[in-house]
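J.: This is the structure, below, for whatever I ask next.
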Amino acid sequence: MRVILRAVSAPILGFLLCACVAGDNGGGGASAGGGSEADSVVVTSRYDLDAANVPSALRHLVPLAQRWGIGDDVERYEYAMQASAAERAALREAVVPYYDQITAWLDSFGSGPMSDEAAAFMYMQLAIEETVE
(Lines give C-alpha, C1' and ligand atoms only; values in the text may rest on other atoms or scores of the structure.)
Protein backbone atom coordinates (compact mmCIF):
# COMPACT_ATOMS: atom_id res chain seq x y z
CA MET A 1 0.00 0.00 0.00
CA ARG A 2 1.05 3.56 -0.60
CA VAL A 3 0.80 6.49 1.75
CA ILE A 4 0.10 9.79 0.08
CA LEU A 5 1.10 13.01 1.75
CA ARG A 6 -1.08 15.97 0.94
CA ALA A 7 -0.55 19.63 1.70
CA VAL A 8 -2.90 21.12 4.26
CA SER A 9 -4.00 24.71 3.86
CA ALA A 10 -3.38 27.19 6.67
CA PRO A 11 -7.08 27.49 7.64
CA ILE A 12 -7.44 23.71 7.84
CA LEU A 13 -4.20 23.41 9.80
CA GLY A 14 -5.48 26.07 12.21
CA PHE A 15 -8.73 24.18 12.66
CA LEU A 16 -6.87 20.94 13.32
CA LEU A 17 -4.59 22.58 15.84
CA CYS A 18 -7.55 24.16 17.63
CA ALA A 19 -9.33 20.82 17.72
CA CYS A 20 -6.27 19.15 19.24
CA VAL A 21 -5.87 21.87 21.86
CA ALA A 22 -9.55 21.56 22.72
CA GLY A 23 -9.02 17.86 23.36
CA ASP A 24 -10.85 16.71 20.24
CA ASN A 25 -9.19 14.15 18.00
CA GLY A 26 -10.50 15.94 14.95
CA GLY A 27 -13.44 13.67 14.47
CA GLY A 28 -15.21 13.23 17.75
CA GLY A 29 -16.22 9.68 18.28
CA ALA A 30 -17.59 7.74 21.16
CA SER A 31 -15.92 8.21 24.49
CA ALA A 32 -13.50 5.63 25.78
CA GLY A 33 -16.30 4.50 28.05
CA GLY A 34 -18.36 3.53 25.00
CA GLY A 35 -20.66 6.49 24.33
CA SER A 36 -23.61 6.10 22.05
CA GLU A 37 -23.50 6.40 18.27
CA ALA A 38 -25.57 9.58 18.58
CA ASP A 39 -22.77 11.13 20.66
CA SER A 40 -20.15 10.54 17.98
CA VAL A 41 -19.35 12.79 15.07
CA VAL A 42 -19.75 10.78 11.88
CA VAL A 43 -17.71 12.80 9.38
CA THR A 44 -13.99 12.53 10.12
CA SER A 45 -12.36 12.03 6.75
CA ARG A 46 -10.12 14.84 5.59
CA TYR A 47 -11.61 14.35 2.16
CA ASP A 48 -14.82 15.51 0.54
CA LEU A 49 -15.86 12.16 -0.90
CA ASP A 50 -17.92 11.84 -4.06
CA ALA A 51 -19.66 8.48 -4.37
CA ALA A 52 -19.63 8.85 -8.16
CA ASN A 53 -15.84 8.34 -7.99
CA VAL A 54 -16.23 4.98 -6.25
CA PRO A 55 -16.98 1.69 -8.04
CA SER A 56 -20.73 1.05 -7.87
CA ALA A 57 -20.29 -2.19 -5.88
CA LEU A 58 -18.53 -0.20 -3.12
CA ARG A 59 -20.62 2.98 -3.01
CA HIS A 60 -22.64 1.81 -0.02
CA LEU A 61 -19.36 1.95 1.97
CA VAL A 62 -18.74 5.66 1.27
CA PRO A 63 -20.28 6.82 4.60
CA LEU A 64 -17.94 4.44 6.44
CA ALA A 65 -14.95 5.65 4.44
CA GLN A 66 -15.99 9.22 5.24
CA ARG A 67 -16.02 8.39 8.93
CA TRP A 68 -13.05 6.03 9.25
CA GLY A 69 -10.81 7.10 6.36
CA ILE A 70 -8.44 9.20 8.46
CA GLY A 71 -5.04 9.67 6.85
CA ASP A 72 -3.06 10.49 9.98
CA ASP A 73 -1.92 7.24 11.61
CA VAL A 74 -2.05 8.52 15.18
CA GLU A 75 -5.39 10.29 14.76
CA ARG A 76 -6.92 7.25 13.03
CA TYR A 77 -5.79 4.91 15.82
CA GLU A 78 -6.98 7.24 18.58
CA TYR A 79 -10.32 7.67 16.85
CA ALA A 80 -10.73 3.91 16.51
CA MET A 81 -9.81 3.32 20.15
CA GLN A 82 -12.37 5.91 21.28
CA ALA A 83 -15.08 4.15 19.29
CA SER A 84 -16.89 1.36 21.05
CA ALA A 85 -15.99 -2.26 20.40
CA ALA A 86 -19.42 -2.64 18.80
CA GLU A 87 -18.70 0.23 16.38
CA ARG A 88 -15.36 -1.31 15.39
CA ALA A 89 -17.02 -4.71 14.96
CA ALA A 90 -19.75 -3.18 12.77
CA LEU A 91 -17.06 -1.56 10.61
CA ARG A 92 -15.26 -4.87 10.17
CA GLU A 93 -18.50 -6.70 9.43
CA ALA A 94 -19.47 -4.18 6.75
CA VAL A 95 -16.08 -3.81 5.05
CA VAL A 96 -14.19 -7.11 5.28
CA PRO A 97 -16.43 -8.92 2.74
CA TYR A 98 -15.37 -6.26 0.21
CA TYR A 99 -11.62 -6.27 0.97
CA ASP A 100 -10.66 -7.95 -2.30
CA GLN A 101 -12.79 -5.54 -4.35
CA ILE A 102 -11.41 -2.53 -2.46
CA THR A 103 -7.83 -3.74 -2.88
CA ALA A 104 -8.33 -4.37 -6.61
CA TRP A 105 -9.71 -0.84 -6.98
CA LEU A 106 -6.79 0.64 -5.05
CA ASP A 107 -4.32 -1.37 -7.14
CA SER A 108 -5.90 0.01 -10.32
CA PHE A 109 -4.27 3.36 -9.58
CA GLY A 110 -0.85 1.77 -10.10
CA SER A 111 1.91 4.26 -9.47
CA GLY A 112 -0.31 7.21 -10.39
CA PRO A 113 -2.03 9.49 -7.92
CA MET A 114 -4.85 7.99 -5.89
CA SER A 115 -8.21 9.75 -5.70
CA ASP A 116 -9.39 11.12 -2.36
CA GLU A 117 -12.10 8.47 -2.33
CA ALA A 118 -9.57 5.67 -2.85
CA ALA A 119 -7.30 7.10 -0.15
CA ALA A 120 -10.20 7.20 2.31
CA PHE A 121 -11.01 3.56 1.54
CA MET A 122 -7.35 2.62 2.03
CA TYR A 123 -7.25 4.40 5.39
CA MET A 124 -10.53 2.77 6.39
CA GLN A 125 -8.95 -0.63 5.71
CA LEU A 126 -5.96 0.40 7.84
CA ALA A 127 -8.32 1.37 10.68
CA ILE A 128 -9.65 -2.17 10.64
CA GLU A 129 -6.20 -3.77 10.44
CA GLU A 130 -4.81 -1.60 13.24
CA THR A 131 -7.60 -2.41 15.66
CA VAL A 132 -8.07 -6.15 15.26
CA GLU A 133 -9.43 -7.47 18.53
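Labels used: A, B, ... for chains in the order of the C-alpha coordinates, numbers from 1 for residues in each chain, and numbers from 1 for ligands as shown.
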Excluding same-chain residues fewer than 6 positions from Arg88 in chain A, what lies within 8 Å of it counting only C-alpha atoms, as a PDB file with N, CA, C and O atoms, in the first residue's frame?

T.:
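In the end it all went to out.pdb:
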ATOM      1  N   ALA A  80     -10.235   5.282  16.447  1.00  0.00           N
ATOM      2  CA  ALA A  80     -10.730   3.905  16.514  1.00  0.00           C
ATOM      3  C   ALA A  80     -10.799   3.415  17.954  1.00  0.00           C
ATOM      4  O   ALA A  80     -11.742   2.717  18.332  1.00  0.00           O
ATOM      5  N   ILE A 128      -9.237  -0.812  10.272  1.00  0.00           N
ATOM      6  CA  ILE A 128      -9.654  -2.175  10.640  1.00  0.00           C
ATOM      7  C   ILE A 128      -8.442  -3.009  11.025  1.00  0.00           C
ATOM      8  O   ILE A 128      -8.431  -3.676  12.061  1.00  0.00           O
ATOM      9  N   THR A 131      -6.805  -2.233  14.441  1.00  0.00           N
ATOM     10  CA  THR A 131      -7.602  -2.406  15.658  1.00  0.00           C
ATOM     11  C   THR A 131      -8.218  -3.802  15.752  1.00  0.00           C
ATOM     12  O   THR A 131      -9.263  -3.974  16.360  1.00  0.00           O
TER      13      THR A 131
END

J.: Contacts of Tyr99 in chain A at 12 Å or less, counting only C-alpha atoms, minus same-chain residues fewer than 5 places along, as a ChimeraX atom specification?

T.: /A:57-58,61,92-94,104-107,121-122,124-126,128-129

J.: Do you have the CA of Tyr77 in chain A-CA of Ile102 in chain A distance handy?

T.: 20.5 Å

J.: Under the rule that only C-alpha atoms are counted, which of A:Leu91, A:Ala86, A:Ala119, A:Ala127 is the nearest residue to Asp73 in chain A?

T.: A:Ala127

J.: Pick out the closest residue to Val54 in chain A from this set: A:Pro113, A:Tyr123, A:Gln101, A:Gly71. Count only C-alpha atoms.

T.: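 Counting only C-alpha atoms, the residue closest to Val54 in chain A is A:Gln101.
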
J.: Quick one: distance from CA of Asp100 in chain A to CA of Gln66 in chain A in Å, one decimal?

T.: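 Interatomic distance, CA of Asp100 in chain A to CA of Gln66 in chain A: 19.5 Å.
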
J.: Mind giving me the straight-line distance from CA of Ala83 in chain A to CA of Trp68 in chain A in Å, one decimal?

T.: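 Pair CA of Ala83 in chain A / CA of Trp68 in chain A returns 10.4 Å.
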